[in-house]
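Visitor: Here you go, upload-v2.txt (compact mmCIF, C-alpha atoms):
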# COMPACT_ATOMS: atom_id res chain seq x y z
CA MET A 238 -62.16 -36.14 22.35
CA LYS A 239 -61.36 -32.44 22.19
CA PHE A 240 -63.66 -29.43 22.08
CA GLU A 241 -63.52 -25.69 21.46
CA VAL A 242 -65.69 -23.14 23.27
CA VAL A 243 -66.35 -19.73 21.72
CA PHE A 244 -67.70 -17.13 24.15
CA HIS A 245 -70.34 -14.68 22.96
CA THR A 246 -70.84 -12.98 26.35
CA PRO A 247 -69.01 -12.89 29.71
CA PHE A 248 -69.64 -15.86 31.99
CA ARG A 249 -69.55 -16.73 35.67
CA VAL A 250 -69.07 -20.08 37.39
CA ALA A 251 -69.48 -19.01 41.01
CA THR A 252 -67.62 -20.50 43.95
CA GLY A 253 -70.44 -19.79 46.41
CA HIS A 254 -68.13 -17.59 48.47
CA ALA A 255 -67.60 -13.85 48.81
CA GLY A 256 -64.22 -12.17 48.74
CA ASP A 257 -62.08 -9.32 47.40
CA GLY A 258 -65.01 -6.89 47.45
CA SER A 259 -67.39 -9.23 45.58
CA ASP A 260 -70.43 -10.98 46.97
CA THR A 261 -69.98 -13.72 44.37
CA THR A 262 -66.50 -14.80 43.28
CA VAL A 263 -65.01 -17.10 40.65
CA ASP A 264 -62.19 -19.59 41.12
CA ARG A 265 -59.18 -17.97 39.49
CA ALA A 266 -57.40 -21.33 39.35
CA ALA A 267 -60.25 -22.94 37.37
CA LEU A 268 -62.47 -20.33 35.73
CA LEU A 269 -64.39 -22.99 33.80
CA PRO A 270 -64.02 -26.23 35.76
CA ALA A 271 -64.59 -29.76 34.56
CA SER A 272 -67.60 -30.21 36.83
CA SER A 273 -69.43 -27.32 35.14
CA LEU A 274 -68.64 -28.59 31.65
CA LYS A 275 -69.84 -32.07 32.51
CA GLY A 276 -72.96 -30.65 34.16
CA VAL A 277 -74.11 -28.58 31.19
CA MET A 278 -73.40 -31.46 28.80
CA LEU A 279 -75.39 -33.85 31.00
CA SER A 280 -78.29 -31.40 31.04
CA ALA A 281 -78.14 -31.03 27.26
CA ALA A 282 -78.13 -34.79 26.70
CA ARG A 283 -80.92 -35.50 29.18
CA ASP A 284 -83.21 -32.46 28.93
CA LEU A 285 -82.63 -30.86 25.52
CA LEU A 286 -81.77 -33.80 23.29
CA GLN A 287 -83.77 -36.24 25.47
CA LEU A 288 -81.42 -39.09 24.69
CA PRO A 289 -82.33 -42.46 26.25
CA LYS A 290 -81.86 -42.42 30.03
CA ASP A 291 -79.85 -45.63 30.03
CA TRP A 292 -77.28 -44.20 27.61
CA VAL A 293 -77.09 -40.91 29.48
CA GLY A 294 -76.43 -42.87 32.68
CA LYS A 295 -73.79 -45.05 31.04
CA VAL A 296 -71.90 -42.04 29.70
CA PHE A 297 -72.22 -39.52 32.54
CA GLY A 298 -72.49 -41.97 35.42
CA THR A 299 -75.14 -42.54 38.07
CA ALA A 300 -75.27 -42.85 41.84
CA TRP A 301 -74.39 -46.54 41.37
CA GLN A 302 -72.04 -46.44 38.40
CA ALA A 303 -69.05 -44.17 37.76
CA SER A 304 -68.64 -42.53 34.36
CA PRO A 305 -65.96 -44.12 32.15
CA TRP A 306 -65.11 -40.60 30.91
CA SER A 307 -63.11 -37.79 32.50
CA TRP A 308 -63.63 -34.09 31.74
CA SER A 309 -60.74 -31.62 31.94
CA ASP A 310 -60.94 -28.04 33.16
CA ALA A 311 -61.10 -25.61 30.24
CA HIS A 312 -58.03 -23.69 29.15
CA LEU A 313 -59.12 -20.12 28.36
CA THR A 314 -57.60 -17.48 26.13
CA GLY A 315 -58.10 -13.81 26.82
CA THR A 316 -59.72 -10.92 24.99
CA ARG A 317 -56.50 -9.93 23.21
CA GLY A 318 -54.48 -13.11 23.17
CA GLY A 319 -53.50 -12.84 26.84
CA ASP A 320 -55.13 -14.02 30.03
CA PRO A 321 -58.91 -13.87 30.49
CA GLN A 322 -60.15 -10.72 32.25
CA ILE A 323 -62.05 -10.85 35.53
CA ARG A 324 -64.24 -7.87 36.34
CA SER A 325 -67.02 -7.01 38.79
CA ARG A 326 -70.62 -6.33 37.83
CA ALA A 327 -73.16 -4.60 40.09
CA ARG A 328 -76.80 -5.66 40.19
CA ILE A 329 -79.67 -3.98 42.02
CA ARG A 330 -83.37 -4.62 42.63
CA ILE A 331 -85.96 -1.91 42.05
CA GLU A 332 -88.92 -1.66 44.44
CA GLU A 333 -92.44 -1.16 43.13
CA PRO A 334 -94.19 1.28 43.00
CA SER A 335 -91.53 3.75 44.20
CA LEU A 336 -89.02 2.68 41.51
CA THR A 337 -86.21 3.09 44.03
CA VAL A 338 -83.40 0.69 44.86
CA ALA A 339 -84.42 -1.88 47.46
CA THR A 340 -82.48 -1.65 50.72
CA GLY A 341 -79.68 -4.19 50.85
CA ALA A 342 -80.37 -5.32 47.28
CA LEU A 343 -76.99 -4.43 45.79
CA LEU A 344 -75.00 -7.44 44.58
CA ILE A 345 -71.40 -7.28 43.35
CA ALA A 346 -70.40 -10.35 41.36
CA ASP A 347 -67.29 -11.41 39.44
CA GLU A 348 -67.57 -12.30 35.77
CA VAL A 349 -65.03 -13.53 33.24
CA LEU A 350 -64.32 -12.15 29.77
CA ALA A 351 -62.65 -14.58 27.38
CA VAL A 352 -62.61 -15.33 23.67
CA ARG A 353 -62.10 -19.07 23.42
CA ALA A 354 -61.45 -22.14 25.51
CA GLU A 355 -60.44 -25.73 24.94
CA PHE A 356 -61.21 -28.85 26.96
CA ALA A 357 -61.00 -32.60 26.57
CA VAL A 358 -63.08 -35.62 27.47
CA ASP A 359 -60.91 -38.72 27.87
CA ARG A 360 -61.84 -42.34 28.36
CA ILE A 361 -60.68 -43.66 31.72
CA GLY A 362 -62.89 -46.70 32.31
CA TRP A 363 -64.18 -49.90 30.76
CA ILE A 364 -66.78 -49.70 27.97
CA GLU A 365 -68.27 -52.68 26.18
CA PRO A 366 -66.60 -52.80 22.73
CA GLY A 367 -69.93 -52.55 20.95
CA ASP A 368 -70.94 -49.47 22.94
CA VAL A 369 -67.94 -47.22 22.30
CA GLU A 370 -69.41 -45.42 19.28
CA ALA A 371 -72.71 -44.81 21.09
CA HIS A 372 -70.82 -43.33 24.05
CA GLU A 373 -68.91 -41.03 21.73
CA THR A 374 -72.14 -40.02 20.00
CA VAL A 375 -73.71 -39.00 23.31
CA VAL A 376 -70.67 -36.93 24.33
CA LEU A 377 -70.30 -35.20 20.95
CA ALA A 378 -74.00 -34.43 20.54
CA ALA A 379 -74.30 -33.17 24.11
CA ALA A 380 -71.37 -30.80 23.63
CA ARG A 381 -72.78 -29.47 20.36
CA ALA A 382 -76.15 -28.81 22.02
CA VAL A 383 -74.72 -26.64 24.82
CA THR A 384 -75.52 -22.96 24.28
CA ALA A 385 -74.79 -21.46 27.72
CA ILE A 386 -72.62 -22.12 30.77
CA GLY A 387 -72.35 -20.85 34.33
CA GLY A 388 -74.78 -18.67 36.26
CA ASP A 389 -77.22 -15.93 35.24
CA ARG A 390 -77.72 -17.47 31.82
CA ARG A 391 -81.21 -15.98 31.61
CA ARG A 392 -79.67 -12.57 32.22
CA GLY A 393 -77.39 -12.88 29.20
CA LEU A 394 -74.25 -14.35 30.76
CA GLY A 395 -72.45 -17.42 29.51
CA TRP A 396 -73.67 -17.69 25.93
CA VAL A 397 -71.33 -20.00 24.03
CA THR A 398 -70.87 -22.22 21.02
CA VAL A 399 -69.20 -25.57 21.71
CA THR A 400 -67.70 -27.45 18.75
CA PRO A 401 -66.03 -30.87 18.74
CA THR A 402 -62.60 -30.63 17.12
CA GLU A 403 -61.25 -34.20 17.54
CA PRO A 404 -63.20 -35.78 15.98
CA GLY A 405 -64.79 -32.93 14.06
CA TRP A 406 -68.59 -32.62 14.12
CA SER A 407 -70.25 -33.95 10.95
CA GLN A 408 -73.54 -35.18 9.53
CA VAL A 409 -72.40 -38.70 10.39
CA HIS A 410 -72.62 -37.77 14.06
CA VAL A 411 -75.99 -36.07 13.50
CA ARG A 412 -77.43 -39.26 12.01
CA ALA A 413 -75.94 -41.38 14.78
CA ALA A 414 -77.47 -39.11 17.44
CA ILE A 415 -80.88 -39.26 15.73
CA GLU A 416 -80.71 -43.07 15.66
CA LEU A 417 -79.82 -43.18 19.32
CA ALA A 418 -82.58 -40.72 20.25
CA HIS A 419 -85.09 -42.86 18.38
CA GLY A 420 -84.08 -45.89 20.41
CA ASN A 421 -82.30 -47.81 17.67
CA GLY A 422 -79.66 -49.17 20.03
CA ALA A 423 -75.94 -48.50 19.69
CA ALA A 424 -75.46 -45.84 17.05
CA GLU A 425 -73.07 -46.93 14.32
CA SER A 426 -71.12 -44.24 12.47
CA GLY A 427 -72.01 -43.94 8.78
CA SER A 428 -75.09 -46.22 8.94
CA GLY A 429 -78.75 -46.08 9.80
CA ALA A 430 -81.37 -43.40 9.33
CA GLU A 431 -80.96 -40.56 6.90
CA SER A 432 -80.69 -37.05 8.30
CA ASN A 433 -84.39 -36.22 7.72
CA GLY A 434 -85.12 -33.13 9.77
CA ALA A 435 -81.57 -33.09 11.12
CA GLU A 436 -81.34 -29.31 11.06
CA SER A 437 -84.46 -29.05 13.25
CA THR A 438 -83.20 -31.26 16.06
CA GLY A 439 -81.05 -30.27 18.99
CA ALA A 440 -78.45 -32.86 18.00
CA ALA A 441 -77.92 -30.96 14.77
CA HIS A 442 -77.27 -27.68 16.58
CA GLY A 443 -75.40 -25.56 14.06
Please lay out the structure from this file as structure tokens.

Guide:
Amino acid sequence: MKFEVVFHTPFRVATGHAGDGSDTTVDRAALLPASSLKGVMLSAARDLLQLPKDWVGKVFGTAWQASPWSWSDAHLTGTRGGDPQIRSRARIRIEEPSLTVATGALLIADEVLAVRAEFAVDRIGWIEPGDVEAHETVVLAAARAVTAIGGDRRRGLGWVTVTPTEPGWSQVHVRAAIELAHGNGAAESGSGAESNGAESTGAAHG
């Protein structure tokens, strides 16, 4: 399965280390790593879409069972068709009631400007033949439900739209996700519940 990410704001996936004049840096070799993509999709499936826990565990893995799917790092394109831009942003904290900058409260952090990105989720492990479509439904719906990535999302960073491209997102997948969310077992493409209220559910994001 392949996916496209469209960036609406800069984003930051921090390394947890300082360097090059920044208190918070990004990994220039993997600006949007597979682990971050998998993490936000897991959160979307579990917390936003509230898909059944057993299916979320089967798809994304658990402490006792590895995921049969592998996420790739994202390949990013830049603001004008070239490489993504990395810049530094300063953040301060204002003390009350003096309205002055708090001592030692200046933070310099890297952030990335990009236009688009592509990544893939490939099957690498065994899946019961009857469960394949349900697995794909979970992955596709989770990706479509992601609206932000990286850190400082509540401060406006990392707003995105993620769209499945292979296969393309359709109402068939919306219906399959609704069936799965309602506990109707393995979702079968092109069958089951009608898309009543589809536009109001997270699975029908966009």

Visitor: Got a sec: who's within 9 Å of Arg353 of chain A, counting only C-alpha atoms, leaving out chain neighbours fewer than 2 positions off, as a compact mmCIF listing (two decimals) with C-alpha atoms, keeping the file's coordinate frame?

Guide:
# COMPACT_ATOMS: atom_id res chain seq x y z
CA GLU A 241 -63.52 -25.69 21.46
CA VAL A 242 -65.69 -23.14 23.27
CA VAL A 243 -66.35 -19.73 21.72
CA PHE A 244 -67.70 -17.13 24.15
CA HIS A 312 -58.03 -23.69 29.15
CA LEU A 313 -59.12 -20.12 28.36
CA THR A 314 -57.60 -17.48 26.13
CA GLY A 315 -58.10 -13.81 26.82
CA THR A 316 -59.72 -10.92 24.99
CA ALA A 351 -62.65 -14.58 27.38
CA GLU A 355 -60.44 -25.73 24.94

Visitor: Name all residues at most 9 Å from segment 288-298 of chain A (count all atoms listed in the file; drop same-chain ones fewer than 5 positions away) and give them as a VMD selection string.

Guide: chain A and resid 275 278 to 279 282 to 283 303 to 306 364 371 to 373 375 to 376 414 to 415 417 to 420

Visitor: Write out the residues from the selection above, keeping C-alpha atoms, as a PDB file, keeping the file's coordinate frame.

Guide:
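Result file is part07.pdb:
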ATOM      1  CA  LYS A 275     -69.840 -32.070  32.510  1.00  0.00           C
ATOM      2  CA  MET A 278     -73.400 -31.460  28.800  1.00  0.00           C
ATOM      3  CA  LEU A 279     -75.390 -33.850  31.000  1.00  0.00           C
ATOM      4  CA  ALA A 282     -78.130 -34.790  26.700  1.00  0.00           C
ATOM      5  CA  ARG A 283     -80.920 -35.500  29.180  1.00  0.00           C
ATOM      6  CA  ALA A 303     -69.050 -44.170  37.760  1.00  0.00           C
ATOM      7  CA  SER A 304     -68.640 -42.530  34.360  1.00  0.00           C
ATOM      8  CA  PRO A 305     -65.960 -44.120  32.150  1.00  0.00           C
ATOM      9  CA  TRP A 306     -65.110 -40.600  30.910  1.00  0.00           C
ATOM     10  CA  ILE A 364     -66.780 -49.700  27.970  1.00  0.00           C
ATOM     11  CA  ALA A 371     -72.710 -44.810  21.090  1.00  0.00           C
ATOM     12  CA  HIS A 372     -70.820 -43.330  24.050  1.00  0.00           C
ATOM     13  CA  GLU A 373     -68.910 -41.030  21.730  1.00  0.00           C
ATOM     14  CA  VAL A 375     -73.710 -39.000  23.310  1.00  0.00           C
ATOM     15  CA  VAL A 376     -70.670 -36.930  24.330  1.00  0.00           C
ATOM     16  CA  ALA A 414     -77.470 -39.110  17.440  1.00  0.00           C
ATOM     17  CA  ILE A 415     -80.880 -39.260  15.730  1.00  0.00           C
ATOM     18  CA  LEU A 417     -79.820 -43.180  19.320  1.00  0.00           C
ATOM     19  CA  ALA A 418     -82.580 -40.720  20.250  1.00  0.00           C
ATOM     20  CA  HIS A 419     -85.090 -42.860  18.380  1.00  0.00           C
ATOM     21  CA  GLY A 420     -84.080 -45.890  20.410  1.00  0.00           C
TER      22      GLY A 420
END

Visitor: Could you check the closest approach to Arg381 of chain A for each of A:Val349, A:Ala251, A:Val277, A:Leu269 and tell me which residue wins, using only C-alpha atoms?

Guide: A:Val277

Visitor: Just give me the gap between atom CA of Gly367 of chain A and atom CA of Phe240 of chain A in Å, one decimal is fine.

Guide: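 Between atom CA of Gly367 of chain A and atom CA of Phe240 of chain A the gap works out to 24.0 Å.
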
Visitor: Smallest atom-to-atom distance to Thr252 of chain A: which of A:Gly387, A:Pro404, A:Gly276, A:Pro321, using all atoms listed in the file?

Guide: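 The closest residue to Thr252 of chain A is A:Gly387.
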
Visitor: What is the atom CA of Pro247 of chain A to atom CA of Leu285 of chain A distance in Å?

Guide: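 Computing it gives 22.9 Å between the two atoms.
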
Visitor: Which residues, written as a list in words, have at least one atom at most 8 Å from Leu377 of chain A, with all atoms listed in the file counted and residues fewer than 6 positions away on the same chain left out?

Guide: Pro401, Trp406 and His410 of chain A

Visitor: Compile the contact shell of Ser309 of chain A as an MDAnalysis selection string: residues with an atom at most 7 Å away, counting all atoms listed in the file, same-chain residues fewer than 3 positions apart removed.

Guide: chainID A and resid 271 356:358

Visitor: Skip Pro270 of chain A itself and residues of its chain fewer than 3 positions away, then list as a count of residues only all residues within 8 Å of it, counting only C-alpha atoms.

Guide: 6

Visitor: Just give me the gap between atom CA of Asp389 of chain A and atom CA of Arg249 of chain A in Å, one decimal is fine.

Guide: 7.7 Å

Visitor: Would you mind completing segment 297-308 of chain A so that it carries N, CA and C atoms, and writing it out as a PDB file, keeping the file's coordinate frame?

Guide:
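Once everything was written out, this is part_31.pdb:
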ATOM      1  N   PHE A 297     -72.496 -40.524  31.519  1.00  0.00           N
ATOM      2  CA  PHE A 297     -72.220 -39.520  32.540  1.00  0.00           C
ATOM      3  C   PHE A 297     -72.139 -40.095  33.953  1.00  0.00           C
ATOM      4  N   GLY A 298     -72.530 -41.341  34.097  1.00  0.00           N
ATOM      5  CA  GLY A 298     -72.490 -41.970  35.420  1.00  0.00           C
ATOM      6  C   GLY A 298     -73.784 -41.780  36.181  1.00  0.00           C
ATOM      7  N   THR A 299     -73.974 -42.601  37.183  1.00  0.00           N
ATOM      8  CA  THR A 299     -75.140 -42.540  38.070  1.00  0.00           C
ATOM      9  C   THR A 299     -74.668 -42.658  39.503  1.00  0.00           C
ATOM     10  N   ALA A 300     -75.617 -42.678  40.432  1.00  0.00           N
ATOM     11  CA  ALA A 300     -75.270 -42.850  41.840  1.00  0.00           C
ATOM     12  C   ALA A 300     -74.653 -44.233  42.095  1.00  0.00           C
ATOM     13  N   TRP A 301     -74.877 -45.167  41.182  1.00  0.00           N
ATOM     14  CA  TRP A 301     -74.390 -46.540  41.370  1.00  0.00           C
ATOM     15  C   TRP A 301     -73.275 -46.920  40.408  1.00  0.00           C
ATOM     16  N   GLN A 302     -73.020 -46.082  39.429  1.00  0.00           N
ATOM     17  CA  GLN A 302     -72.040 -46.440  38.400  1.00  0.00           C
ATOM     18  C   GLN A 302     -71.231 -45.200  37.999  1.00  0.00           C
ATOM     19  N   ALA A 303     -69.917 -45.294  38.123  1.00  0.00           N
ATOM     20  CA  ALA A 303     -69.050 -44.170  37.760  1.00  0.00           C
ATOM     21  C   ALA A 303     -69.004 -44.010  36.241  1.00  0.00           C
ATOM     22  N   SER A 304     -68.803 -42.781  35.791  1.00  0.00           N
ATOM     23  CA  SER A 304     -68.640 -42.530  34.360  1.00  0.00           C
ATOM     24  C   SER A 304     -67.292 -43.065  33.886  1.00  0.00           C
ATOM     25  N   PRO A 305     -67.256 -43.675  32.703  1.00  0.00           N
ATOM     26  CA  PRO A 305     -65.960 -44.120  32.150  1.00  0.00           C
ATOM     27  C   PRO A 305     -65.219 -42.988  31.439  1.00  0.00           C
ATOM     28  N   TRP A 306     -65.713 -41.745  31.567  1.00  0.00           N
ATOM     29  CA  TRP A 306     -65.110 -40.600  30.910  1.00  0.00           C
ATOM     30  C   TRP A 306     -64.686 -39.561  31.929  1.00  0.00           C
ATOM     31  N   SER A 307     -63.616 -38.845  31.612  1.00  0.00           N
ATOM     32  CA  SER A 307     -63.110 -37.790  32.500  1.00  0.00           C
ATOM     33  C   SER A 307     -63.054 -36.470  31.742  1.00  0.00           C
ATOM     34  N   TRP A 308     -63.649 -35.423  32.320  1.00  0.00           N
ATOM     35  CA  TRP A 308     -63.630 -34.090  31.740  1.00  0.00           C
ATOM     36  C   TRP A 308     -62.451 -33.292  32.304  1.00  0.00           C
TER      37      TRP A 308
END
